[in-house]
Amino acid sequence: MFRIVVVAIIASLCLGGCIGSDRSRALPYAALDKAHIPDYGLVRFWADENSPVVEAYVDAQLRQVRASGCRECRTTANFLAISGGGEEGAFAAGLLNGWSMRGNRPEFEVVTGVSTGSLAAPFAFLGTGHDATLRRVYTQITDRDVYVDKGAAGLIGDALYDSSPLRRLIGLYVTEALLDEIAREHRNGRRLLVQTTNIDAQRPVIWDMGAIASGGGFERRRLFIDVLLASAAIPAVFPPVSIDVQSGGRSYEELHVDGGVTSQITFGPPGLDLRSAERRIFGRVRGKTLYVIRNGKLQPEYDPTDRTVAALAKRAVGTMVKYQTLADIADFSRRSQAEDIELRLVAIPEGFSDRPSSEFDRAYMNRLFQLGEEIGARGDFWRAAPSGSVILSRAMQR
């Protein structure tokens, strides 16, 4: 995936300032915090800011959990966060399949996804009955199922590649029946959350996909697909996704791109006090475990770099993503300790040395899926995640 990111960066530098676009419907700054999705209630919030609205949202979710009749849910909760990683999302898909084979995979109260993690999240959320779909999605696709190279035309538009194939692929699996199933779980207090980046605002947005699925009519499916596509829309590589919003009775447009632009992993805004919410709703603090699947390696990988623009840019982008991930995990670790959440992490092992021959190399993804499945079935893969950067990743290998 880094190869096409680098091509996009170089192309944008070469053509920067030469091409304009019509954003006459762009949401004005003054309307930023009042913009909403027409005909829906609260289906999204900023991922970088806690607020009374978010606190009320969490209280409402926990009340649904209490009313669901699940006695165990009053004392314990399991959460899952799936990171970005492009084609390396095959690792999470395989691991979840292997975990199911082992027989002790829990039901997750909350599942979050970023980028490729958002594409896997709905099936992870619905449980082991959707493992076969995860397998198909991450072992049967190739480049042509994800994008079409626009050639020279891509240099004068909003992206180098056409993501229509990926939209069709998502639409193949996001059926009305799937949305109904997600909506049922949502009513029981479970949450499926996906992150995008509002590129105009330079801020991460968390979308409640269960709330979208609970909406009525054809539009819920379109919006659900739009958000999943946006979460994986790498800027300049894939087109941004336009989301129609309203503010003050007027219609506007927001542009949303890959959630990985702002963070590789997400689990709610910083400052969110889950313990206080649990005391209000359950009268006690529950035992909580957050499982994090990183679709990538954590350790720095030594590789002599050619002194070319493309090679250096590719290496720099890969390094930035790696350290962004480590910073995200370190932040998760600090927040988990403050919230009495047991944090468990797994990543692609350093010993896996295969490399893809294209962006979505089917053979490579199958090998990565098989590795994840073997690790999941083995059952001893989770590690505690200490805070730090390189220190964190080295500790994970002990």
# chains A, B, ... in the order shown; residues from 1 in each chain; ligands from 1

$ select_by_dssp --residues "segment 104-217 of chain A" --states "strand (DSSP E or B)" --output "PyMOL selection string"
chain A and resi 110-114+148-149+159+161-162+191-198+203-208

$ closest_atom_pairs --of "segment 164-226 of chain A" --to "segment 76-86 of chain A" --cutoff "10 Å" --atoms "only C-alpha atoms" --output "Markdown table"
| residue | atom | partner | partner_atom | distance |
| --- | --- | --- | --- | --- |
| A:Arg190 | CA | A:Phe79 | CA | 9.9 |
| A:Arg191 | CA | A:Phe79 | CA | 9.6 |
| A:Leu192 | CA | A:Leu80 | CA | 9.8 |
| A:Leu193 | CA | A:Ala81 | CA | 9.3 |
| A:Val194 | CA | A:Ile82 | CA | 9.8 |

$ closest_atom_pairs --of "segment 219-256 of chain A" --to "segment 166-174 of chain A" --cutoff "10 Å" --atoms "only C-alpha atoms" --output "Markdown table"
| residue | atom | partner | partner_atom | distance |
| --- | --- | --- | --- | --- |
| A:Arg221 | CA | A:Val174 | CA | 7.2 |
| A:Arg222 | CA | A:Gly171 | CA | 8.7 |
| A:Phe224 | CA | A:Val174 | CA | 8.1 |
| A:Ile225 | CA | A:Ile170 | CA | 6.6 |
| A:Asp226 | CA | A:Arg167 | CA | 8.1 |
| A:Leu228 | CA | A:Ile170 | CA | 7.9 |
| A:Leu229 | CA | A:Arg167 | CA | 6.4 |
| A:Ala230 | CA | A:Arg167 | CA | 9.9 |
| A:Ala232 | CA | A:Leu166 | CA | 9.5 |
| A:Ala233 | CA | A:Leu166 | CA | 9.9 |

$ write_last_selection --atoms "C-alpha atoms" --output "mmCIF file, in the first residue's frame"
data_model
loop_
_atom_site.group_PDB
_atom_site.id
_atom_site.type_symbol
_atom_site.label_atom_id
_atom_site.label_comp_id
_atom_site.auth_asym_id
_atom_site.auth_seq_id
_atom_site.Cartn_x
_atom_site.Cartn_y
_atom_site.Cartn_z
ATOM 1 C CA ARG A 221 -27.387 1.208 3.344
ATOM 2 C CA ARG A 222 -25.913 3.976 1.186
ATOM 3 C CA PHE A 224 -23.249 2.711 5.813
ATOM 4 C CA ILE A 225 -21.310 1.914 2.619
ATOM 5 C CA ASP A 226 -20.141 5.531 2.256
ATOM 6 C CA LEU A 228 -16.846 2.217 5.282
ATOM 7 C CA LEU A 229 -15.469 3.407 1.945
ATOM 8 C CA ALA A 230 -14.378 6.721 3.460
ATOM 9 C CA ALA A 232 -10.330 3.254 3.790
ATOM 10 C CA ALA A 233 -9.994 6.155 1.323
#

$ atom_distance --atom1 "atom CA of Thr133 of chain A" --atom2 "atom CA of Phe381 of chain A"
23.1 Å

$ residues_around --residues "Leu274 of chain A" --least-positions-apart "4" --cutoff "10 Å" --atoms "only C-alpha atoms" --output "list in words"
Glu55, Val58, Asp59, Leu62, Glu278, Arg279, Arg280, Val285, Arg286, Ala338, Glu339, Asp340 and Ile341 of chain A

$ write_last_selection --atoms "all heavy atoms" --output "compact mmCIF listing (two decimals), in the first residue's frame"
# COMPACT_ATOMS: atom_id res chain seq x y z
N GLU A 55 -20.73 11.82 26.66
CA GLU A 55 -21.01 11.20 27.96
C GLU A 55 -22.45 10.71 28.04
O GLU A 55 -22.73 9.61 28.55
CB GLU A 55 -20.69 12.19 29.08
CG GLU A 55 -19.20 12.48 29.20
CD GLU A 55 -18.89 13.59 30.19
OE1 GLU A 55 -19.87 14.21 30.68
OE2 GLU A 55 -17.71 13.83 30.48
N VAL A 58 -22.75 7.52 25.99
CA VAL A 58 -22.26 6.33 26.69
C VAL A 58 -23.26 5.88 27.75
O VAL A 58 -23.54 4.68 27.90
CB VAL A 58 -20.88 6.59 27.31
CG1 VAL A 58 -20.45 5.42 28.19
CG2 VAL A 58 -19.85 6.83 26.22
N ASP A 59 -23.84 6.82 28.49
CA ASP A 59 -24.86 6.46 29.47
C ASP A 59 -26.03 5.73 28.81
O ASP A 59 -26.53 4.72 29.33
CB ASP A 59 -25.37 7.71 30.18
CG ASP A 59 -24.43 8.20 31.29
OD1 ASP A 59 -23.35 7.59 31.45
OD2 ASP A 59 -24.76 9.18 31.96
N LEU A 62 -25.03 2.15 27.92
CA LEU A 62 -24.98 1.26 29.09
C LEU A 62 -26.37 0.95 29.62
O LEU A 62 -26.62 -0.16 30.14
CB LEU A 62 -24.11 1.88 30.18
CG LEU A 62 -22.62 2.04 29.84
CD1 LEU A 62 -21.86 2.65 31.00
CD2 LEU A 62 -22.00 0.70 29.43
N GLU A 278 -20.22 3.69 34.45
CA GLU A 278 -20.62 2.37 34.95
C GLU A 278 -21.20 2.46 36.35
O GLU A 278 -22.18 1.77 36.68
CB GLU A 278 -19.42 1.43 34.91
CG GLU A 278 -19.02 1.02 33.50
CD GLU A 278 -17.75 0.20 33.46
OE1 GLU A 278 -16.87 0.41 34.32
OE2 GLU A 278 -17.63 -0.66 32.57
N ARG A 279 -20.62 3.29 37.16
CA ARG A 279 -21.17 3.45 38.52
C ARG A 279 -22.58 4.03 38.46
O ARG A 279 -23.46 3.63 39.24
CB ARG A 279 -20.26 4.36 39.35
CG ARG A 279 -18.90 3.74 39.72
CD ARG A 279 -18.19 4.60 40.74
NE ARG A 279 -16.86 4.08 41.01
CZ ARG A 279 -15.73 4.59 40.48
NH1 ARG A 279 -15.81 5.64 39.65
NH2 ARG A 279 -14.56 4.09 40.78
N ARG A 280 -22.81 4.96 37.54
CA ARG A 280 -24.14 5.56 37.42
C ARG A 280 -25.17 4.52 36.97
O ARG A 280 -26.30 4.49 37.47
CB ARG A 280 -24.12 6.72 36.42
CG ARG A 280 -23.48 7.99 36.92
CD ARG A 280 -23.78 9.16 36.00
NE ARG A 280 -23.22 8.99 34.66
CZ ARG A 280 -22.00 9.38 34.29
NH1 ARG A 280 -21.19 9.95 35.18
NH2 ARG A 280 -21.58 9.21 33.06
N VAL A 285 -18.05 -0.63 39.04
CA VAL A 285 -17.13 -0.62 37.90
C VAL A 285 -16.98 -2.05 37.41
O VAL A 285 -16.71 -2.96 38.20
CB VAL A 285 -15.75 -0.05 38.30
CG1 VAL A 285 -14.76 -0.18 37.14
CG2 VAL A 285 -15.89 1.42 38.71
N ARG A 286 -17.18 -2.27 36.13
CA ARG A 286 -17.10 -3.62 35.57
C ARG A 286 -15.65 -4.01 35.28
O ARG A 286 -14.78 -3.16 35.11
CB ARG A 286 -17.91 -3.71 34.29
CG ARG A 286 -19.39 -3.43 34.45
CD ARG A 286 -20.13 -3.61 33.13
NE ARG A 286 -19.69 -2.65 32.12
CZ ARG A 286 -20.04 -2.69 30.82
NH1 ARG A 286 -20.86 -3.67 30.41
NH2 ARG A 286 -19.61 -1.79 29.97
N ALA A 338 -5.74 4.08 33.47
CA ALA A 338 -6.56 5.04 34.18
C ALA A 338 -8.01 4.57 34.32
O ALA A 338 -8.70 4.92 35.28
CB ALA A 338 -6.53 6.39 33.46
N GLU A 339 -8.46 3.75 33.35
CA GLU A 339 -9.85 3.31 33.33
C GLU A 339 -10.03 1.88 33.86
O GLU A 339 -11.13 1.33 33.75
CB GLU A 339 -10.40 3.38 31.89
CG GLU A 339 -10.66 4.78 31.40
CD GLU A 339 -11.86 5.41 32.09
OE1 GLU A 339 -12.81 4.69 32.43
OE2 GLU A 339 -11.83 6.63 32.30
N ASP A 340 -8.97 1.30 34.41
CA ASP A 340 -9.05 -0.08 34.93
C ASP A 340 -9.46 -1.06 33.83
O ASP A 340 -10.27 -1.97 34.05
CB ASP A 340 -10.02 -0.19 36.11
CG ASP A 340 -9.55 0.60 37.32
OD1 ASP A 340 -8.33 0.67 37.52
OD2 ASP A 340 -10.40 1.14 38.05
N ILE A 341 -8.91 -0.88 32.63
CA ILE A 341 -9.17 -1.78 31.52
C ILE A 341 -7.93 -2.63 31.28
O ILE A 341 -6.81 -2.10 31.19
CB ILE A 341 -9.50 -1.01 30.23
CG1 ILE A 341 -10.76 -0.15 30.42
CG2 ILE A 341 -9.71 -1.97 29.06
CD1 ILE A 341 -11.07 0.74 29.24

$ atom_distance --atom1 "atom CA of Ala316 of chain A" --atom2 "atom CA of Arg355 of chain A"
18.0 Å

$ select_by_dssp --residues "segment 310-366 of chain A" --states "alpha helix (DSSP H)" --output "PyMOL selection string"
chain A and resi 310-338+362-366

$ closest_residue --among "A:Tyr29, A:Tyr291, A:Glu253, A:Arg23" --to "Phe108 of chain A" --atoms "only C-alpha atoms"
A:Tyr291

$ closest_residue --among "A:Asn198, A:Ser163, A:Ser68, A:Thr75" --to "Arg44 of chain A" --atoms "only C-alpha atoms"
A:Asn198

$ residues_around --residues "Gly41 of chain A" --least-positions-apart "2" --cutoff "12 Å" --atoms "only C-alpha atoms" --output "list in words"
Ala35, His36, Ile37, Pro38, Asp39, Val43, Arg44, Phe45, Tyr57, Trp207, Asp208, Gly210, Ala211, Ile212, Ala213, Ser214, Gly215 and Gly216 of chain A

$ atom_distance --atom1 "atom CA of Thr139 of chain A" --atom2 "atom CA of Asn366 of chain A"
5.1 Å

$ residues_around --residues "Gly103 of chain A" --least-positions-apart "2" --cutoff "12 Å" --atoms "only C-alpha atoms" --output "ChimeraX atom specification"
/A:96-101,105-107,127-128,376-379

$ write_last_selection --atoms "N, CA and C atoms" --output "mmCIF file, in the first residue's frame"
data_model
loop_
_atom_site.group_PDB
_atom_site.id
_atom_site.type_symbol
_atom_site.label_atom_id
_atom_site.label_comp_id
_atom_site.auth_asym_id
_atom_site.auth_seq_id
_atom_site.Cartn_x
_atom_site.Cartn_y
_atom_site.Cartn_z
ATOM 1 N N LEU A 96 -9.012 -13.827 13.834
ATOM 2 C CA LEU A 96 -10.368 -13.986 14.351
ATOM 3 C C LEU A 96 -10.926 -15.370 14.014
ATOM 4 N N ASN A 97 -10.622 -15.857 12.813
ATOM 5 C CA ASN A 97 -11.043 -17.214 12.450
ATOM 6 C C ASN A 97 -10.391 -18.253 13.350
ATOM 7 N N GLY A 98 -9.090 -18.092 13.592
ATOM 8 C CA GLY A 98 -8.389 -19.037 14.458
ATOM 9 C C GLY A 98 -8.874 -18.978 15.890
ATOM 10 N N TRP A 99 -9.160 -17.791 16.358
ATOM 11 C CA TRP A 99 -9.677 -17.607 17.721
ATOM 12 C C TRP A 99 -11.024 -18.318 17.865
ATOM 13 N N SER A 100 -11.846 -18.230 16.831
ATOM 14 C CA SER A 100 -13.126 -18.947 16.855
ATOM 15 C C SER A 100 -12.904 -20.459 16.908
ATOM 16 N N MET A 101 -11.938 -20.943 16.143
ATOM 17 C CA MET A 101 -11.638 -22.374 16.131
ATOM 18 C C MET A 101 -11.224 -22.851 17.515
ATOM 19 N N ARG A 105 -13.426 -17.322 21.897
ATOM 20 C CA ARG A 105 -13.564 -15.933 21.444
ATOM 21 C C ARG A 105 -14.824 -15.335 22.068
ATOM 22 N N PRO A 106 -14.695 -14.224 22.757
ATOM 23 C CA PRO A 106 -15.866 -13.643 23.443
ATOM 24 C C PRO A 106 -16.744 -12.849 22.488
ATOM 25 N N GLU A 107 -17.932 -12.511 22.955
ATOM 26 C CA GLU A 107 -18.756 -11.526 22.256
ATOM 27 C C GLU A 107 -18.296 -10.151 22.712
ATOM 28 N N GLY A 127 -19.897 -11.692 15.094
ATOM 29 C CA GLY A 127 -19.496 -12.942 15.714
ATOM 30 C C GLY A 127 -19.040 -14.031 14.769
ATOM 31 N N THR A 128 -18.855 -15.194 15.330
ATOM 32 C CA THR A 128 -18.211 -16.308 14.622
ATOM 33 C C THR A 128 -19.003 -16.781 13.415
ATOM 34 N N GLY A 376 -4.164 -17.488 16.123
ATOM 35 C CA GLY A 376 -5.423 -17.450 16.854
ATOM 36 C C GLY A 376 -5.803 -18.794 17.434
ATOM 37 N N ALA A 377 -5.584 -19.858 16.691
ATOM 38 C CA ALA A 377 -5.927 -21.192 17.164
ATOM 39 C C ALA A 377 -5.004 -21.644 18.291
ATOM 40 N N ARG A 378 -3.780 -21.104 18.308
ATOM 41 C CA ARG A 378 -2.818 -21.489 19.339
ATOM 42 C C ARG A 378 -3.223 -20.948 20.706
ATOM 43 N N GLY A 379 -3.726 -19.709 20.722
ATOM 44 C CA GLY A 379 -4.342 -19.195 21.938
ATOM 45 C C GLY A 379 -3.446 -18.475 22.916
#

$ closest_residue --among "A:Thr197, A:Ala92, A:Tyr147, A:Ile206" --to "Leu42 of chain A" --atoms "only C-alpha atoms"
A:Ile206

$ closest_residue --among "A:Gln337, A:Thr266, A:Ser247, A:Ser353" --to "Ala30 of chain A" --atoms "only C-alpha atoms"
A:Ser247

$ closest_residue --among "A:Ile182, A:Val114, A:Ala330, A:Ala236" --to "Leu126 of chain A" --atoms "only C-alpha atoms"
A:Ile182
